[in-house]
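K.L.:
Before I ask anything, here is the structure I am working with.
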Amino acid sequence: MGTWKIGSPRTPAERTSQIESLKRGLELGMTLVDTAEFYADGESERLVGEAIKGRRDSVFVATKVWPTNLHHDDVLAACDRSLKRLGISFADLYQIHWPNPRIPIRETMGAMQELVTAGKVRHIGVSNFSIEETKKAQEALGRTELASNQVEYSLVNRSIESGLLQFCQKERITVIAYSPLGRGSLPALSIPESILTKYRMTRAQVALNWVTWKQGVVAIPKSATKEHTEENAVSLSTRLSERDYDTISRSAG
Ligand code: NAP
């Protein structure tokens with residue numbers, strides 16, 4: 001589950017509904033929760049912290065450090081702040097939110113490895129990194145494996161198919177597909193009606209099934225409503241056939 005734009009509710013009722021939506025997703029098995037220090041200026045992490053309270057063991061918590069905090073000491077301090085807001089002692093995945101060419105990647109990754117050694121982070125990831133940037137990140141980590149690259153991927157944005165996706169698959173770096181529903185612009189997700197009818201799935205469910213069809217790709221749809229969360233949670237209960245996957249791919253262009 002994604003959490004961008006979660007954490008700045010307009011009313012207390014909206015806040016409760018956002019927490020309930022996350023809790024419902026966890027109950028239904030959507031156990032990867034992605035947040036960032038940047039989202040709602042830390043409030044998103046606080047809200048995730050409330051949603052996972054009492055069930056830490058069954059949740060995979062992913063958060064991110066903002067590109068202005070990539071100097072060694074800043075990474076360590078940012079991680080501590082995130083863990084505090086989340087109310088946890090370690091993050092399952094700590095990601096560099098965006099590359100920052102002004103700060104040497106070796107310096108940042110040195111700090112990331114210290115966080116792993118200190119038990120504050122289990123896996124190290126990046127986000128919005130190109131092939132070249134991903135290679136440099138991996139090199140900077142030496143023998144420690146780079147776990148993931150979080151990038152935009154959906155039926156309306158397939159740019160990673162021109163190389164980054166294949167590179168990550170080859171290097172066994174998980175692709176975490178953000179904005180997998182095209183940021184909610186569902187009518188723009190070009191899916192033939194015949195496929196929706198055949199699988200008895202909604203447009204959002206087929207879109208999520210399509211995004212995660214390829215090996216090594218997971219998706220983090222955001223939903224602030226229980227109804228959407230419930231809909232998304234069962235989207236992988238059936239797998240699209242290869243033929244239908246190809247048909248959707250062709251119609252999306
Ligand atoms: P998204 O998940 O593609 O779309 C979210 C929108 O789709 C929301 O408006 C949501 O509405 C709606 N929606 C969700 N489920 C639906 C359903 N079943 N039927 C109809 N509408 C549905 O877009 P996103 O939030 O941009 O991306 C997801 C996550 O990726 C973010 O939350 C964030 O964690 C991550 N992200 C990362 C980066 C990065 O730079 N690393 C950038 C962007 C996003 P409701 O909320 O009303 O349910």
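In the structure tokens, chains take the letters A, B, ... in the order shown, each chain's residues start at 1, and ligands count up from 1 in the order shown.
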Could the residues that lie within 9 Å of ligand 1, counting only C-alpha atoms and all ligand atoms, be listed as an MDAnalysis selection string?

P.N.:
chainID A and resid 1:6 18 21 33:36 39 63:64 95:98 126:128 149:154 176:186 202:205 219:233 235

K.L.:
Give me the residues near Arg143 in chain A as a list in words, where near means some atom within 12 Å (using only C-alpha atoms) and where sequence neighbours in that chain fewer than 5 positions away do not count.

P.N.:
Met109, Gln113, Ala137 and Gln138 of chain A

K.L.:
Go ahead and write the residues just picked, N, CA, C and O atoms, as a PDB file, in the first residue's frame.

P.N.:
```
ATOM      1  N   MET A 109      25.578   5.531   0.858  1.00  0.00           N
ATOM      2  CA  MET A 109      25.468   4.086   1.051  1.00  0.00           C
ATOM      3  C   MET A 109      26.288   3.622   2.266  1.00  0.00           C
ATOM      4  O   MET A 109      25.926   2.638   2.922  1.00  0.00           O
ATOM      5  N   GLN A 113      24.644   1.364   5.121  1.00  0.00           N
ATOM      6  CA  GLN A 113      25.174   0.098   5.638  1.00  0.00           C
ATOM      7  C   GLN A 113      25.344   0.129   7.153  1.00  0.00           C
ATOM      8  O   GLN A 113      25.099  -0.862   7.831  1.00  0.00           O
ATOM      9  N   ALA A 137      24.809   2.806  -7.461  1.00  0.00           N
ATOM     10  CA  ALA A 137      24.335   2.534  -6.093  1.00  0.00           C
ATOM     11  C   ALA A 137      24.768   1.141  -5.665  1.00  0.00           C
ATOM     12  O   ALA A 137      25.247   0.935  -4.545  1.00  0.00           O
ATOM     13  N   GLN A 138      24.609   0.173  -6.581  1.00  0.00           N
ATOM     14  CA  GLN A 138      24.990  -1.204  -6.265  1.00  0.00           C
ATOM     15  C   GLN A 138      26.501  -1.308  -6.034  1.00  0.00           C
ATOM     16  O   GLN A 138      26.951  -1.947  -5.086  1.00  0.00           O
TER      17      GLN A 138
END
```

K.L.:
Which one of A:Arg239, A:Arg81, A:His123, A:His71 sits closest to Asp41 in chain A if you count only C-alpha atoms?

P.N.:
A:Arg81

K.L.:
Kindly indicate which residue among A:Gly29, A:Gly87, A:Pro9, A:Gly119 lies nearest to Glu45 in chain A, using only C-alpha atoms for the distances.

P.N.:
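Closest residue, counting only C-alpha atoms: A:Gly87.
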
K.L.:
Kindly give the distance, in Å, that separates CA of Gly163 in chain A and CA of Ser130 in chain A, rounded to a single decimal.

P.N.:
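According to the coordinates, CA of Gly163 in chain A and CA of Ser130 in chain A are separated by 9.4 Å.
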
K.L.:
I'd like to know which residues of range 97-175 of chain A are alpha helix (DSSP H) (by DSSP, run on the backbone); could you write them as a ChimeraX atom specification?

P.N.:
/A:105-117,131-141,164-171

K.L.:
Go ahead and save the picked residues with N, CA and C atoms, as an mmCIF file, in the first residue's frame.

P.N.:
```cif
data_model
loop_
_atom_site.group_PDB
_atom_site.id
_atom_site.type_symbol
_atom_site.label_atom_id
_atom_site.label_comp_id
_atom_site.auth_asym_id
_atom_site.auth_seq_id
_atom_site.Cartn_x
_atom_site.Cartn_y
_atom_site.Cartn_z
ATOM 1 N N ILE A 105 27.332 9.063 -3.840
ATOM 2 C CA ILE A 105 26.496 7.910 -3.471
ATOM 3 C C ILE A 105 27.228 7.006 -2.468
ATOM 4 N N ARG A 106 28.573 6.974 -2.558
ATOM 5 C CA ARG A 106 29.339 6.154 -1.606
ATOM 6 C C ARG A 106 29.122 6.616 -0.167
ATOM 7 N N GLU A 107 29.076 7.944 -0.013
ATOM 8 C CA GLU A 107 28.867 8.495 1.341
ATOM 9 C C GLU A 107 27.492 8.061 1.869
ATOM 10 N N THR A 108 26.472 8.205 1.018
ATOM 11 C CA THR A 108 25.108 7.839 1.438
ATOM 12 C C THR A 108 25.019 6.345 1.750
ATOM 13 N N MET A 109 25.578 5.531 0.858
ATOM 14 C CA MET A 109 25.468 4.086 1.051
ATOM 15 C C MET A 109 26.288 3.622 2.266
ATOM 16 N N GLY A 110 27.362 4.334 2.570
ATOM 17 C CA GLY A 110 28.135 4.011 3.779
ATOM 18 C C GLY A 110 27.241 4.145 5.005
ATOM 19 N N ALA A 111 26.471 5.227 5.030
ATOM 20 C CA ALA A 111 25.556 5.451 6.162
ATOM 21 C C ALA A 111 24.448 4.399 6.163
ATOM 22 N N MET A 112 23.962 4.057 4.988
ATOM 23 C CA MET A 112 22.892 3.050 4.898
ATOM 24 C C MET A 112 23.385 1.717 5.472
ATOM 25 N N GLN A 113 24.644 1.364 5.121
ATOM 26 C CA GLN A 113 25.174 0.098 5.638
ATOM 27 C C GLN A 113 25.344 0.129 7.153
ATOM 28 N N GLU A 114 25.709 1.306 7.670
ATOM 29 C CA GLU A 114 25.814 1.422 9.138
ATOM 30 C C GLU A 114 24.447 1.186 9.791
ATOM 31 N N LEU A 115 23.397 1.657 9.122
ATOM 32 C CA LEU A 115 22.049 1.460 9.665
ATOM 33 C C LEU A 115 21.682 -0.027 9.688
ATOM 34 N N VAL A 116 22.137 -0.749 8.653
ATOM 35 C CA VAL A 116 21.885 -2.195 8.622
ATOM 36 C C VAL A 116 22.641 -2.864 9.769
ATOM 37 N N THR A 117 23.920 -2.493 9.921
ATOM 38 C CA THR A 117 24.742 -3.090 10.990
ATOM 39 C C THR A 117 24.137 -2.792 12.363
ATOM 40 N N ILE A 131 19.167 3.449 -14.883
ATOM 41 C CA ILE A 131 20.046 2.261 -14.911
ATOM 42 C C ILE A 131 21.438 2.635 -14.404
ATOM 43 N N GLU A 132 21.981 3.724 -14.929
ATOM 44 C CA GLU A 132 23.331 4.127 -14.534
ATOM 45 C C GLU A 132 23.408 4.402 -13.028
ATOM 46 N N GLU A 133 22.424 5.138 -12.523
ATOM 47 C CA GLU A 133 22.408 5.471 -11.092
ATOM 48 C C GLU A 133 22.246 4.210 -10.240
ATOM 49 N N THR A 134 21.454 3.264 -10.732
ATOM 50 C CA THR A 134 21.265 2.012 -9.982
ATOM 51 C C THR A 134 22.580 1.236 -9.939
ATOM 52 N N LYS A 135 23.272 1.201 -11.097
ATOM 53 C CA LYS A 135 24.570 0.492 -11.133
ATOM 54 C C LYS A 135 25.526 1.100 -10.119
ATOM 55 N N LYS A 136 25.575 2.439 -10.090
ATOM 56 C CA LYS A 136 26.511 3.104 -9.165
ATOM 57 C C LYS A 136 26.106 2.837 -7.707
ATOM 58 N N ALA A 137 24.809 2.806 -7.461
ATOM 59 C CA ALA A 137 24.335 2.534 -6.093
ATOM 60 C C ALA A 137 24.768 1.141 -5.665
ATOM 61 N N GLN A 138 24.609 0.173 -6.581
ATOM 62 C CA GLN A 138 24.990 -1.204 -6.265
ATOM 63 C C GLN A 138 26.501 -1.308 -6.034
ATOM 64 N N GLU A 139 27.262 -0.626 -6.898
ATOM 65 C CA GLU A 139 28.733 -0.646 -6.747
ATOM 66 C C GLU A 139 29.134 -0.072 -5.383
ATOM 67 N N ALA A 140 28.467 1.010 -5.004
ATOM 68 C CA ALA A 140 28.806 1.672 -3.745
ATOM 69 C C ALA A 140 28.507 0.772 -2.553
ATOM 70 N N LEU A 141 27.577 -0.163 -2.734
ATOM 71 C CA LEU A 141 27.215 -1.059 -1.632
ATOM 72 C C LEU A 141 28.148 -2.261 -1.529
ATOM 73 N N LEU A 164 15.124 -0.256 -17.946
ATOM 74 C CA LEU A 164 15.306 -0.359 -16.486
ATOM 75 C C LEU A 164 14.673 -1.631 -15.914
ATOM 76 N N LEU A 165 13.497 -1.967 -16.399
ATOM 77 C CA LEU A 165 12.805 -3.160 -15.895
ATOM 78 C C LEU A 165 13.659 -4.415 -16.126
ATOM 79 N N GLN A 166 14.151 -4.577 -17.359
ATOM 80 C CA GLN A 166 14.960 -5.761 -17.690
ATOM 81 C C GLN A 166 16.252 -5.767 -16.873
ATOM 82 N N PHE A 167 16.848 -4.587 -16.695
ATOM 83 C CA PHE A 167 18.086 -4.500 -15.920
ATOM 84 C C PHE A 167 17.830 -4.972 -14.473
ATOM 85 N N CYS A 168 16.773 -4.467 -13.881
ATOM 86 C CA CYS A 168 16.465 -4.835 -12.485
ATOM 87 C C CYS A 168 16.159 -6.327 -12.380
ATOM 88 N N GLN A 169 15.430 -6.856 -13.353
ATOM 89 C CA GLN A 169 15.112 -8.296 -13.312
ATOM 90 C C GLN A 169 16.400 -9.111 -13.359
ATOM 91 N N LYS A 170 17.306 -8.695 -14.247
ATOM 92 C CA LYS A 170 18.571 -9.433 -14.413
ATOM 93 C C LYS A 170 19.401 -9.370 -13.120
ATOM 94 N N GLU A 171 19.404 -8.212 -12.497
ATOM 95 C CA GLU A 171 20.213 -8.014 -11.282
ATOM 96 C C GLU A 171 19.481 -8.434 -10.012
#
```

K.L.:
For the atom pair CA of Phe38 in chain A and CA of Glu161 in chain A, what is the interatomic distance in Å to one decimal place?

P.N.:
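Value for the CA of Phe38 in chain A-CA of Glu161 in chain A distance: 27.5 Å.
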
K.L.:
Which is closest to Val218 in chain A among A:Ser8, A:Ala188, A:Val48, A:Thr31, if we use only C-alpha atoms?

P.N.:
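Between A:Ser8, A:Ala188, A:Val48, A:Thr31, the residue approaching Val218 in chain A most closely is A:Thr31.
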
K.L.:
Go through A:Glu37, A:Asp73, A:Asp246, A:Glu50 one by one, measure the shortest atom-to-atom distance of each to Tyr94 in chain A using only C-alpha atoms, and give the residue with the smallest value.

P.N.:
A:Glu37
